[in-house]
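Colleague: One file: target-v5.cif (mmCIF, C-alpha atoms).
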data_input
#
loop_
_atom_site.label_atom_id
_atom_site.label_comp_id
_atom_site.auth_asym_id
_atom_site.auth_seq_id
_atom_site.Cartn_x
_atom_site.Cartn_y
_atom_site.Cartn_z
CA MET A 1 95.90 59.71 126.89
CA THR A 2 92.80 61.88 127.18
CA SER A 3 91.13 62.82 123.91
CA VAL A 4 89.81 66.35 123.44
CA LEU A 5 86.89 66.81 121.06
CA VAL A 6 87.72 69.83 118.89
CA VAL A 7 84.63 71.55 117.51
CA HIS A 8 84.84 74.37 114.98
CA SER A 9 81.43 75.96 115.42
CA GLY A 10 81.69 78.91 113.05
CA ARG A 11 80.05 82.26 113.83
CA LEU A 12 77.03 81.86 116.07
CA ASP A 13 74.59 84.06 117.94
CA PRO A 14 76.08 85.26 121.27
CA VAL A 15 73.40 83.57 123.39
CA GLU A 16 73.94 80.34 121.48
CA ASN A 17 77.67 80.56 122.08
CA MET A 18 77.36 80.98 125.83
CA ALA A 19 74.75 78.23 126.06
CA LEU A 20 76.96 75.78 124.22
CA ASP A 21 79.91 76.60 126.45
CA GLU A 22 77.94 75.98 129.62
CA ALA A 23 76.57 72.79 128.10
CA ALA A 24 80.12 71.65 127.48
CA LEU A 25 80.99 72.41 131.10
CA LEU A 26 78.17 70.09 132.18
CA ALA A 27 79.19 67.32 129.78
CA PRO A 28 81.60 64.62 130.99
CA ASP A 29 84.18 64.86 128.21
CA ALA A 30 87.05 67.21 127.32
CA ARG A 31 86.16 69.66 124.58
CA LEU A 32 87.64 72.62 122.74
CA ARG A 33 85.03 74.77 121.01
CA ILE A 34 86.34 77.40 118.62
CA TYR A 35 83.89 79.95 117.34
CA GLY A 36 83.05 83.46 116.19
CA TRP A 37 80.20 85.89 116.82
CA SER A 38 77.33 86.93 114.55
CA PRO A 39 75.99 89.41 115.41
CA ALA A 40 78.65 91.01 117.59
CA GLY A 41 78.38 90.27 121.29
CA LEU A 42 79.12 92.05 124.53
CA SER A 43 79.88 89.42 127.15
CA LEU A 44 79.88 90.35 130.80
CA GLY A 45 81.93 88.56 133.43
CA TYR A 46 79.87 86.35 135.70
CA PHE A 47 79.67 88.90 138.52
CA GLN A 48 79.00 91.93 136.32
CA ARG A 49 75.52 93.37 136.00
CA TYR A 50 73.57 94.11 132.84
CA ALA A 51 72.44 97.44 134.24
CA ASP A 52 76.02 98.69 134.36
CA PHE A 53 76.35 98.24 130.58
CA ALA A 54 72.87 99.26 129.48
CA ASP A 55 74.08 102.49 127.90
CA GLU A 56 76.96 101.06 125.88
CA PRO A 57 76.64 102.23 122.25
CA GLY A 58 76.75 99.86 119.30
CA GLU A 59 74.83 96.97 117.81
CA HIS A 60 75.55 93.93 119.90
CA VAL A 61 73.81 91.26 121.92
CA VAL A 62 74.64 91.38 125.62
CA VAL A 63 75.26 88.05 127.33
CA ARG A 64 76.76 86.80 130.55
CA ARG A 65 79.68 84.40 130.64
CA ALA A 66 79.91 81.61 133.18
CA THR A 67 83.52 82.69 133.68
CA GLY A 68 84.89 85.59 135.67
CA GLY A 69 86.73 88.73 134.64
CA GLY A 70 85.59 91.85 132.83
CA ALA A 71 83.39 92.64 129.85
CA ILE A 72 84.49 92.02 126.26
CA LEU A 73 83.14 93.35 122.97
CA HIS A 74 83.33 90.36 120.62
CA ASP A 75 83.42 91.10 116.93
CA ASP A 76 86.25 89.95 114.68
CA GLU A 77 88.08 87.48 116.87
CA ILE A 78 88.79 83.82 117.44
CA THR A 79 87.06 82.68 120.61
CA PHE A 80 87.55 79.35 122.27
CA ALA A 81 85.99 77.49 125.18
CA LEU A 82 88.12 74.73 126.65
CA THR A 83 86.29 72.39 129.02
CA GLY A 84 87.27 69.20 130.76
CA PRO A 85 88.09 67.39 133.98
CA ALA A 86 89.97 69.58 136.47
CA GLU A 87 93.09 67.44 136.36
CA LEU A 88 93.83 68.53 132.80
CA LEU A 89 94.83 71.99 134.01
CA PRO A 90 97.26 73.02 136.75
CA ARG A 91 95.39 73.63 140.01
CA ASP A 92 97.14 76.98 140.38
CA LEU A 93 95.12 79.54 138.44
CA GLY A 94 98.10 81.58 137.27
CA ALA A 95 99.92 78.47 136.08
CA SER A 96 96.85 77.36 134.15
CA TYR A 97 96.60 80.70 132.35
CA ASP A 98 100.31 80.57 131.53
CA LEU A 99 99.98 77.05 130.09
CA VAL A 100 97.24 78.07 127.68
CA HIS A 101 98.79 81.43 126.87
CA ASP A 102 102.17 79.88 126.04
CA ALA A 103 100.45 77.62 123.49
CA ILE A 104 98.75 80.67 121.97
CA ARG A 105 101.91 82.77 122.00
CA THR A 106 104.01 80.19 120.15
CA THR A 107 101.25 79.60 117.61
CA LEU A 108 100.77 83.30 116.92
CA ALA A 109 104.53 83.67 116.50
CA ARG A 110 104.50 81.15 113.66
CA PHE A 111 102.09 83.50 111.85
CA GLY A 112 104.32 86.49 112.43
CA VAL A 113 102.29 87.82 115.36
CA THR A 114 104.73 88.71 118.10
CA THR A 115 103.35 88.74 121.62
CA ARG A 116 104.84 88.48 125.05
CA ARG A 117 103.62 87.66 128.51
CA HIS A 118 102.98 91.00 130.21
CA GLY A 119 104.70 89.72 133.34
CA ARG A 120 103.89 92.59 135.67
CA GLY A 121 100.93 94.06 137.48
CA PRO A 122 98.21 92.23 139.39
CA ALA A 123 96.79 88.81 138.49
CA SER A 124 93.38 90.43 138.09
CA CYS A 125 92.27 94.02 137.50
CA ARG A 126 88.83 93.34 138.88
CA PRO A 127 86.79 94.92 140.32
CA ASP A 128 88.37 98.32 139.59
CA GLU A 129 88.47 97.79 135.82
CA ARG A 130 85.24 96.64 134.18
CA TRP A 131 86.66 95.95 130.68
CA CYS A 132 88.75 92.81 130.21
CA PHE A 133 91.04 94.35 127.59
CA ALA A 134 91.52 97.76 129.20
CA LYS A 135 94.51 96.81 131.31
CA PRO A 136 96.73 93.69 131.01
CA THR A 137 97.40 91.52 134.04
CA CYS A 138 100.69 89.75 134.70
CA HIS A 139 99.51 86.57 132.94
CA ASP A 140 98.16 88.30 129.81
CA LEU A 141 99.67 88.29 126.33
CA THR A 142 100.31 91.70 124.83
CA THR A 143 101.46 93.25 121.56
CA PRO A 144 103.10 96.68 121.38
CA ARG A 145 99.61 98.15 121.15
CA GLY A 146 98.03 96.30 124.07
CA LYS A 147 96.40 93.14 125.32
CA ILE A 148 95.55 90.69 122.54
CA VAL A 149 94.10 87.69 124.42
CA GLY A 150 91.35 87.82 127.02
CA SER A 151 91.01 84.82 129.34
CA ALA A 152 88.77 83.76 132.18
CA GLN A 153 87.76 80.56 133.90
CA ARG A 154 85.07 78.81 135.84
CA ARG A 155 85.88 75.87 138.07
CA THR A 156 83.33 73.48 139.51
CA GLY A 157 83.86 71.05 142.36
CA GLY A 158 81.85 68.15 143.69
CA SER A 159 82.60 64.55 142.84
CA SER A 160 83.79 65.36 139.30
CA PRO A 161 85.56 68.73 139.33
CA ARG A 162 85.67 70.43 135.93
CA PHE A 163 86.77 73.69 134.35
CA LEU A 164 85.74 76.07 131.59
CA HIS A 165 88.48 78.28 130.18
CA HIS A 166 87.36 81.08 127.86
CA GLY A 167 89.79 82.75 125.50
CA SER A 168 89.29 85.63 123.06
CA ILE A 169 92.00 86.42 120.53
CA PHE A 170 91.38 89.69 118.71
CA LEU A 171 91.88 89.48 114.94
CA ARG A 172 90.88 93.11 114.57
CA PRO A 173 90.36 95.39 117.56
CA PRO A 174 86.75 96.14 118.46
CA SER A 175 85.56 99.68 118.90
CA TRP A 176 86.40 99.54 122.59
CA PRO A 177 88.85 99.57 124.30
CA ALA A 178 90.91 101.49 121.75
CA THR A 179 94.19 100.22 123.17
CA SER A 180 93.63 96.54 122.39
CA GLY A 181 96.24 94.56 120.51
CA SER A 182 95.23 92.40 117.53
CA VAL A 183 96.48 90.05 114.85
CA ALA A 184 95.83 92.80 112.30
CA GLU A 185 98.86 94.69 113.62
CA PHE A 186 101.04 92.07 111.96
CA VAL A 187 99.15 90.18 109.22
CA ASP A 188 95.88 90.30 107.31
CA PRO A 189 93.45 88.35 109.52
CA ASP A 190 91.41 87.22 106.52
CA VAL A 191 94.44 85.47 105.08
CA VAL A 192 95.40 83.55 108.23
CA ARG A 193 92.07 83.09 110.02
CA ASP A 194 91.25 79.47 109.10
CA GLU A 195 94.76 78.11 109.42
CA LEU A 196 95.31 80.02 112.66
CA GLU A 197 92.15 78.53 114.12
CA HIS A 198 93.29 75.01 113.40
CA GLU A 199 96.85 75.60 114.58
CA LEU A 200 95.62 77.14 117.82
CA ALA A 201 93.42 74.13 118.48
CA THR A 202 96.31 71.76 117.89
CA ALA A 203 98.65 73.73 120.13
CA ILE A 204 96.20 74.07 123.02
CA VAL A 205 95.30 70.38 123.00
CA ARG A 206 98.98 69.45 122.82
CA ALA A 207 99.77 71.75 125.76
CA LEU A 208 97.29 69.74 127.84
CA GLY A 209 99.11 66.54 126.92
CA CYS A 210 96.03 65.27 125.08
CA ASP A 211 95.04 63.94 121.67
CA ALA A 212 92.70 65.94 119.44
CA ALA A 213 89.63 64.44 117.75
CA THR A 214 87.77 66.84 115.48
CA GLY A 215 84.00 66.52 115.34
CA ALA A 216 80.64 68.10 116.02
CA GLU A 217 78.99 68.84 119.33
CA PRO A 218 77.16 65.81 120.73
CA PRO A 219 73.51 66.70 120.01
CA ASP A 220 71.65 64.88 122.78
CA ASP A 221 72.94 66.46 125.97
CA ILE A 222 73.55 69.82 124.29
CA GLU A 223 69.92 70.59 123.51
CA THR A 224 68.78 69.97 127.05
CA ALA A 225 71.53 72.10 128.52
CA ARG A 226 70.90 74.91 126.04
CA ASP A 227 67.36 75.42 127.27
CA ALA A 228 68.39 75.59 130.90
CA VAL A 229 71.30 77.88 130.30
CA ARG A 230 69.47 80.32 128.04
CA ALA A 231 67.09 81.12 130.88
CA ARG A 232 69.91 81.72 133.35
CA LEU A 233 71.99 83.85 131.01
CA ARG A 234 69.41 86.61 131.08
CA ARG A 235 68.55 86.34 134.77
CA ARG A 236 70.55 89.15 136.37
CA MET B 237 97.54 71.98 162.23
CA ARG B 238 94.16 73.39 161.26
CA PRO B 239 91.47 73.81 163.94
CA ASP B 240 90.16 70.44 165.14
CA ASP B 241 86.84 71.86 166.34
CA ARG B 242 85.30 71.51 162.88
CA LYS B 243 85.03 69.17 159.89
CA TYR B 244 86.36 69.70 156.40
CA MET B 245 85.46 68.89 152.80
CA LYS B 246 87.94 67.82 150.15
CA SER B 247 86.95 70.99 148.30
CA HIS B 248 88.22 72.98 151.35
CA GLU B 249 85.01 74.21 152.95
CA TRP B 250 84.63 73.70 156.71
CA ALA B 251 81.66 73.35 159.08
CA LYS B 252 81.81 74.11 162.79
CA THR B 253 78.82 72.71 164.65
CA GLU B 254 77.39 74.60 167.62
CA GLY B 255 74.31 72.79 168.94
CA GLU B 256 71.68 72.65 166.21
CA PHE B 257 73.57 75.18 164.07
CA ALA B 258 76.74 75.10 162.00
CA LEU B 259 78.99 77.88 160.76
CA VAL B 260 80.42 77.33 157.28
CA GLY B 261 83.53 78.85 155.69
CA ILE B 262 86.57 77.98 153.61
CA SER B 263 90.04 76.99 154.80
CA ASP B 264 93.25 78.99 154.68
CA TYR B 265 94.46 76.58 151.98
CA ALA B 266 91.54 77.52 149.75
CA VAL B 267 92.09 81.22 150.35
CA GLU B 268 95.79 80.93 149.55
CA HIS B 269 95.21 79.00 146.34
CA LEU B 270 92.38 81.21 145.12
CA SER B 271 94.38 84.40 145.84
CA ASP B 272 93.26 87.90 144.82
CA LEU B 273 89.64 87.43 145.81
CA VAL B 274 87.35 89.99 144.18
CA PHE B 275 83.73 88.84 144.48
CA LEU B 276 81.73 86.62 146.78
CA ASP B 277 78.09 85.70 146.28
CA LEU B 278 76.29 84.17 149.25
CA PRO B 279 72.72 82.81 149.38
CA GLU B 280 69.84 84.58 151.10
CA VAL B 281 68.77 84.01 154.68
CA GLY B 282 65.82 81.65 154.71
CA SER B 283 66.99 79.61 151.74
CA THR B 284 68.16 76.04 152.18
CA VAL B 285 71.43 74.35 151.35
CA SER B 286 72.08 70.70 150.63
CA ALA B 287 75.24 68.89 151.63
CA ASP B 288 77.71 68.45 148.76
CA GLU B 289 75.79 70.96 146.60
CA PRO B 290 76.91 74.51 145.70
CA PHE B 291 75.78 77.27 148.07
CA GLY B 292 77.75 80.23 146.74
CA GLU B 293 80.34 81.45 144.28
CA ILE B 294 83.63 83.26 144.58
CA GLU B 295 85.76 85.05 141.95
CA SER B 296 89.51 85.31 141.99
CA VAL B 297 92.07 85.85 139.22
CA LYS B 298 89.26 86.00 136.64
CA ALA B 299 88.04 82.56 137.74
CA VAL B 300 84.66 81.82 139.26
CA SER B 301 84.59 78.85 141.63
CA ASP B 302 81.64 77.18 143.29
CA LEU B 303 81.47 76.87 147.09
CA TYR B 304 80.10 73.55 148.33
CA ALA B 305 77.99 73.02 151.43
CA PRO B 306 79.36 70.58 154.01
CA VAL B 307 75.95 70.47 155.71
CA SER B 308 72.24 70.58 154.87
CA GLY B 309 69.66 72.90 156.40
CA GLU B 310 68.17 76.37 156.44
CA ILE B 311 70.39 79.41 156.29
CA VAL B 312 69.59 81.51 159.35
CA GLU B 313 72.37 84.09 158.98
CA ILE B 314 75.00 85.17 156.48
CA ASN B 315 78.18 87.13 157.12
CA GLN B 316 76.88 90.29 155.43
CA ASP B 317 80.12 92.23 155.78
CA LEU B 318 82.28 89.57 154.17
CA PRO B 319 81.58 90.27 150.45
CA ASP B 320 82.72 93.86 150.98
CA ASP B 321 85.79 92.92 153.00
CA LEU B 322 87.27 89.79 151.46
CA ASP B 323 90.61 90.43 153.14
CA THR B 324 88.96 88.98 156.23
CA LEU B 325 89.24 85.59 154.56
CA LYS B 326 93.00 86.02 154.46
CA THR B 327 93.42 87.32 157.98
CA ASP B 328 90.94 85.08 159.80
CA PRO B 329 89.34 82.34 157.68
CA TRP B 330 88.45 80.31 160.80
CA ASN B 331 86.40 82.86 162.77
CA ALA B 332 85.65 86.29 161.29
CA GLY B 333 85.69 84.75 157.80
CA TRP B 334 82.66 82.53 158.33
CA MET B 335 80.17 82.70 155.46
CA ILE B 336 76.83 81.20 156.41
CA LYS B 337 75.11 79.91 159.56
CA VAL B 338 72.90 76.88 158.95
CA LYS B 339 70.17 75.30 161.07
CA LEU B 340 71.18 71.70 160.63
CA THR B 341 69.17 68.91 159.11
CA GLY B 342 72.13 66.81 158.02
CA GLU B 343 75.74 66.76 156.94
CA SER B 344 77.83 65.35 154.11
CA PRO B 345 79.02 61.78 154.69
CA ASN B 346 82.37 62.80 153.24
CA LEU B 347 83.51 65.24 155.93
CA MET B 348 86.96 64.84 157.47
CA GLY B 349 88.49 65.73 160.78
CA ALA B 350 91.47 68.08 160.93
CA ALA B 351 94.08 65.29 160.83
CA ALA B 352 92.50 63.65 157.80
CA TYR B 353 92.21 67.05 156.11
CA GLU B 354 95.92 67.65 156.65
CA GLU B 355 96.63 64.33 154.95
CA HIS B 356 94.34 65.30 152.09
CA LEU B 357 96.25 68.55 151.63
CA LYS B 358 99.52 66.63 151.36
CA SER B 359 98.02 64.56 148.57
CA GLU B 360 97.02 67.74 146.74
CA GLU B 361 100.51 69.21 146.77
#
Could you show the structure in this file as structure tokens?
Modeller:
Amino acid sequence: MTSVLVVHSGRLDPVENMALDEAALLAPDARLRIYGWSPAGLSLGYFQRYADFADEPGEHVVVRRATGGGAILHDDEITFALTGPAELLPRDLGASYDLVHDAIRTTLARFGVTTRRHGRGPASCRPDERWCFAKPTCHDLTTPRGKIVGSAQRRTGGSSPRFLHHGSIFLRPPSWPATSGSVAEFVDPDVVRDELEHELATAIVRALGCDAATGAEPPDDIETARDAVRARLRRR
Amino acid sequence: MRPDDRKYMKSHEWAKTEGEFALVGISDYAVEHLSDLVFLDLPEVGSTVSADEPFGEIESVKAVSDLYAPVSGEIVEINQDLPDDLDTLKTDPWNAGWMIKVKLTGESPNLMGAAAYEEHLKSEE
């Protein structure tokens, strides 16, 4: 059985977060990084341009994700980056989102946070909608107020195909979009945050049919990858 | 049966050789499984590609996927209209949906003919 290294990174700088995620994509193992943002971040989907968000108000660091989809304001949320060999996820993109989302949905439910798969609409709102949380797709999880989990992927090929799956679960809604769902609709995020993080990690790893091994990021390959990725993140 | 006038990669790109040049695209299987294509990024004319290395990126269903080059060489032409009309990949991935034209210096040793590619697809299902 494949072992997934679960890393609880804490709240990191947005550039640091994206660099570590891309480093994990380059690494050979399976990894689940769970983290927060300090300061707040505005992450753009891989094909979005910095210039299109230059006038966004607020104090946040703008970064680019390696994954697709629309922009997200990251503030009080649980973010995760799941990376590993391609065979750990269904090849079908929609099925892979549903697998991860079902693990999140059942975990949130145990904390009293009721969500459901939106189940209608397109599989992607891009390129018409530039904000990830503005409009749910058929695979998204929603609360009565709106979308609560943002997800996007990158898939690499070659001799060792791999994936990076990004997920953002809003604990409290950011300033934009105003229609986002969040954990705070149901419970006090400060009360459940730590336990929810650990339960989510367990559920996601279990959904992959893997074992979890908690630890820290391997330092050697990470530092090299960080330097390369930092330069690329600010390129466009 | 897919066209047998070209060679295929396991990652579903194809190369059709015409003299010292090759057209490169992706198969109908790739288009079907990516679904809902929204962005395509192709390299610039004059740049070079290396066999089995990424030459472009495509986004679908909030997922970015790398496109891999079946051949090596200099890019002499790109299908400029394609990024703005990705439906072409659905309607005609074999001809109008070509992506780049390469002046050949080599090709991947892992390319398959159409029959072998069909067998590969069966193993993926």
Colleague: Compute the distance from (94.9, 94.0, 117.0) to each atom, counting only C-alpha atoms, keep the residues with any atom at most 6 Å away, and return them as a list in words; use the coordinates of the file.
Modeller: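 Residues satisfying the cut-off, written out: Phe170, Leu171, Arg172, Pro173, Gly181, Ser182, Val183, Ala184 and Glu185 of chain A.
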Colleague: Write out, as a tab-separated table (two decimals), in the coordinates of the input, the residues just selected, with C-alpha atoms.
Modeller:
chain	number	residue	atom	x	y	z
A	170	PHE	CA	91.38	89.69	118.71
A	171	LEU	CA	91.88	89.48	114.94
A	172	ARG	CA	90.88	93.11	114.57
A	173	PRO	CA	90.36	95.39	117.56
A	181	GLY	CA	96.24	94.56	120.51
A	182	SER	CA	95.23	92.40	117.53
A	183	VAL	CA	96.48	90.05	114.85
A	184	ALA	CA	95.83	92.80	112.30
A	185	GLU	CA	98.86	94.69	113.62
Colleague: Do you have, as CSV, the list of residues of chain A lying at most 12 Å from chain B, each with its nearest atom pair and that distance in Å to one decimal, counting only C-alpha atoms and ordered by chain then number?
Modeller:
residue,atom,partner,partner_atom,distance
A:Leu44,CA,B:Lys298,CA,11.9
A:Gly45,CA,B:Lys298,CA,8.4
A:Tyr46,CA,B:Val300,CA,7.5
A:Phe47,CA,B:Phe275,CA,7.2
A:Gln48,CA,B:Phe275,CA,9.9
A:Arg65,CA,B:Val300,CA,10.3
A:Ala66,CA,B:Val300,CA,7.7
A:Thr67,CA,B:Val300,CA,5.8
A:Gly68,CA,B:Lys298,CA,4.5
A:Gly69,CA,B:Lys298,CA,4.2
A:Gly70,CA,B:Lys298,CA,7.9
A:Ala71,CA,B:Lys298,CA,11.2
A:Ala86,CA,B:Ser301,CA,11.9
A:Glu87,CA,B:Glu360,CA,11.1
A:Pro90,CA,B:Glu361,CA,11.2
A:Arg91,CA,B:His269,CA,8.3
A:Asp92,CA,B:His269,CA,6.6
A:Leu93,CA,B:Val297,CA,7.1
A:Gly94,CA,B:Val297,CA,7.6
A:Ala95,CA,B:Val297,CA,11.2
A:Ser96,CA,B:Ala299,CA,10.8
A:Tyr97,CA,B:Val297,CA,9.7
A:Pro122,CA,B:Asp272,CA,8.5
A:Ala123,CA,B:Val297,CA,5.6
A:Ser124,CA,B:Val297,CA,4.9
A:Cys125,CA,B:Val297,CA,8.4
A:Arg126,CA,B:Val274,CA,6.4
A:Pro127,CA,B:Val274,CA,6.3
A:Asp128,CA,B:Val274,CA,9.6
A:Glu129,CA,B:Val274,CA,11.5
A:Arg130,CA,B:Lys298,CA,11.6
A:Trp131,CA,B:Lys298,CA,11.9
A:Cys132,CA,B:Lys298,CA,9.4
A:Thr137,CA,B:Val297,CA,9.3
A:Cys138,CA,B:Val297,CA,10.5
A:His139,CA,B:Val297,CA,9.8
A:Asp140,CA,B:Lys298,CA,11.5
A:Gly150,CA,B:Lys298,CA,10.0
A:Ser151,CA,B:Lys298,CA,7.6
A:Ala152,CA,B:Lys298,CA,5.0
A:Gln153,CA,B:Ala299,CA,4.3
A:Arg154,CA,B:Val300,CA,4.6
A:Arg155,CA,B:Ser301,CA,4.8
A:Thr156,CA,B:Asp302,CA,5.6
A:Gly157,CA,B:Asp302,CA,6.6
A:Gly158,CA,B:Asp288,CA,6.6
A:Ser159,CA,B:Asp288,CA,8.6
A:Ser160,CA,B:Ser247,CA,11.1
A:Pro161,CA,B:Ser247,CA,9.4
A:Arg162,CA,B:Ser301,CA,10.2
A:Phe163,CA,B:Ser301,CA,9.2
A:Leu164,CA,B:Ala299,CA,9.2
A:His165,CA,B:Ala299,CA,8.7
A:His166,CA,B:Ala299,CA,10.0
A:Gly167,CA,B:Lys298,CA,11.6
Colleague: Just write the chosen residues, C-alpha atoms, as a PDB file, keeping the file's coordinate frame.
Modeller:
ATOM      1  CA  LEU A  44      79.880  90.350 130.800  1.00  0.00           C
ATOM      2  CA  GLY A  45      81.930  88.560 133.430  1.00  0.00           C
ATOM      3  CA  TYR A  46      79.870  86.350 135.700  1.00  0.00           C
ATOM      4  CA  PHE A  47      79.670  88.900 138.520  1.00  0.00           C
ATOM      5  CA  GLN A  48      79.000  91.930 136.320  1.00  0.00           C
ATOM      6  CA  ARG A  65      79.680  84.400 130.640  1.00  0.00           C
ATOM      7  CA  ALA A  66      79.910  81.610 133.180  1.00  0.00           C
ATOM      8  CA  THR A  67      83.520  82.690 133.680  1.00  0.00           C
ATOM      9  CA  GLY A  68      84.890  85.590 135.670  1.00  0.00           C
ATOM     10  CA  GLY A  69      86.730  88.730 134.640  1.00  0.00           C
ATOM     11  CA  GLY A  70      85.590  91.850 132.830  1.00  0.00           C
ATOM     12  CA  ALA A  71      83.390  92.640 129.850  1.00  0.00           C
ATOM     13  CA  ALA A  86      89.970  69.580 136.470  1.00  0.00           C
ATOM     14  CA  GLU A  87      93.090  67.440 136.360  1.00  0.00           C
ATOM     15  CA  PRO A  90      97.260  73.020 136.750  1.00  0.00           C
ATOM     16  CA  ARG A  91      95.390  73.630 140.010  1.00  0.00           C
ATOM     17  CA  ASP A  92      97.140  76.980 140.380  1.00  0.00           C
ATOM     18  CA  LEU A  93      95.120  79.540 138.440  1.00  0.00           C
ATOM     19  CA  GLY A  94      98.100  81.580 137.270  1.00  0.00           C
ATOM     20  CA  ALA A  95      99.920  78.470 136.080  1.00  0.00           C
ATOM     21  CA  SER A  96      96.850  77.360 134.150  1.00  0.00           C
ATOM     22  CA  TYR A  97      96.600  80.700 132.350  1.00  0.00           C
ATOM     23  CA  PRO A 122      98.210  92.230 139.390  1.00  0.00           C
ATOM     24  CA  ALA A 123      96.790  88.810 138.490  1.00  0.00           C
ATOM     25  CA  SER A 124      93.380  90.430 138.090  1.00  0.00           C
ATOM     26  CA  CYS A 125      92.270  94.020 137.500  1.00  0.00           C
ATOM     27  CA  ARG A 126      88.830  93.340 138.880  1.00  0.00           C
ATOM     28  CA  PRO A 127      86.790  94.920 140.320  1.00  0.00           C
ATOM     29  CA  ASP A 128      88.370  98.320 139.590  1.00  0.00           C
ATOM     30  CA  GLU A 129      88.470  97.790 135.820  1.00  0.00           C
ATOM     31  CA  ARG A 130      85.240  96.640 134.180  1.00  0.00           C
ATOM     32  CA  TRP A 131      86.660  95.950 130.680  1.00  0.00           C
ATOM     33  CA  CYS A 132      88.750  92.810 130.210  1.00  0.00           C
ATOM     34  CA  THR A 137      97.400  91.520 134.040  1.00  0.00           C
ATOM     35  CA  CYS A 138     100.690  89.750 134.700  1.00  0.00           C
ATOM     36  CA  HIS A 139      99.510  86.570 132.940  1.00  0.00           C
ATOM     37  CA  ASP A 140      98.160  88.300 129.810  1.00  0.00           C
ATOM     38  CA  GLY A 150      91.350  87.820 127.020  1.00  0.00           C
ATOM     39  CA  SER A 151      91.010  84.820 129.340  1.00  0.00           C
ATOM     40  CA  ALA A 152      88.770  83.760 132.180  1.00  0.00           C
ATOM     41  CA  GLN A 153      87.760  80.560 133.900  1.00  0.00           C
ATOM     42  CA  ARG A 154      85.070  78.810 135.840  1.00  0.00           C
ATOM     43  CA  ARG A 155      85.880  75.870 138.070  1.00  0.00           C
ATOM     44  CA  THR A 156      83.330  73.480 139.510  1.00  0.00           C
ATOM     45  CA  GLY A 157      83.860  71.050 142.360  1.00  0.00           C
ATOM     46  CA  GLY A 158      81.850  68.150 143.690  1.00  0.00           C
ATOM     47  CA  SER A 159      82.600  64.550 142.840  1.00  0.00           C
ATOM     48  CA  SER A 160      83.790  65.360 139.300  1.00  0.00           C
ATOM     49  CA  PRO A 161      85.560  68.730 139.330  1.00  0.00           C
ATOM     50  CA  ARG A 162      85.670  70.430 135.930  1.00  0.00           C
ATOM     51  CA  PHE A 163      86.770  73.690 134.350  1.00  0.00           C
ATOM     52  CA  LEU A 164      85.740  76.070 131.590  1.00  0.00           C
ATOM     53  CA  HIS A 165      88.480  78.280 130.180  1.00  0.00           C
ATOM     54  CA  HIS A 166      87.360  81.080 127.860  1.00  0.00           C
ATOM     55  CA  GLY A 167      89.790  82.750 125.500  1.00  0.00           C
TER      56      GLY A 167
END
Colleague: Can you list what the PyMOL selection byres ((chain B and resi 343) around 12) grabs from this structure, as a count of residues only?
Modeller: 32
Colleague: Can you turn the PyMOL selection byres ((chain A and resi 26-39) around 6) into a concrete residue list for this file, as a PDB file with C-alpha atoms, keeping the file's coordinate frame?
Modeller:
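The resulting file, selection_33.pdb, is reproduced below:
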ATOM      1  CA  VAL A   4      89.810  66.350 123.440  1.00  0.00           C
ATOM      2  CA  LEU A   5      86.890  66.810 121.060  1.00  0.00           C
ATOM      3  CA  VAL A   6      87.720  69.830 118.890  1.00  0.00           C
ATOM      4  CA  VAL A   7      84.630  71.550 117.510  1.00  0.00           C
ATOM      5  CA  HIS A   8      84.840  74.370 114.980  1.00  0.00           C
ATOM      6  CA  SER A   9      81.430  75.960 115.420  1.00  0.00           C
ATOM      7  CA  GLY A  10      81.690  78.910 113.050  1.00  0.00           C
ATOM      8  CA  ARG A  11      80.050  82.260 113.830  1.00  0.00           C
ATOM      9  CA  LEU A  12      77.030  81.860 116.070  1.00  0.00           C
ATOM     10  CA  ASP A  13      74.590  84.060 117.940  1.00  0.00           C
ATOM     11  CA  ALA A  23      76.570  72.790 128.100  1.00  0.00           C
ATOM     12  CA  ALA A  24      80.120  71.650 127.480  1.00  0.00           C
ATOM     13  CA  LEU A  25      80.990  72.410 131.100  1.00  0.00           C
ATOM     14  CA  ALA A  40      78.650  91.010 117.590  1.00  0.00           C
ATOM     15  CA  ILE A  78      88.790  83.820 117.440  1.00  0.00           C
ATOM     16  CA  THR A  79      87.060  82.680 120.610  1.00  0.00           C
ATOM     17  CA  PHE A  80      87.550  79.350 122.270  1.00  0.00           C
ATOM     18  CA  ALA A  81      85.990  77.490 125.180  1.00  0.00           C
ATOM     19  CA  LEU A  82      88.120  74.730 126.650  1.00  0.00           C
ATOM     20  CA  THR A  83      86.290  72.390 129.020  1.00  0.00           C
ATOM     21  CA  GLY A  84      87.270  69.200 130.760  1.00  0.00           C
TER      22      GLY A  84
END
Colleague: As an exercise, work out the distance from CA of Ala109 (chain A) to CA of Asn17 (chain A) in Å and give it to one decimal place.
Modeller: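 A separation of 27.6 Å between them.
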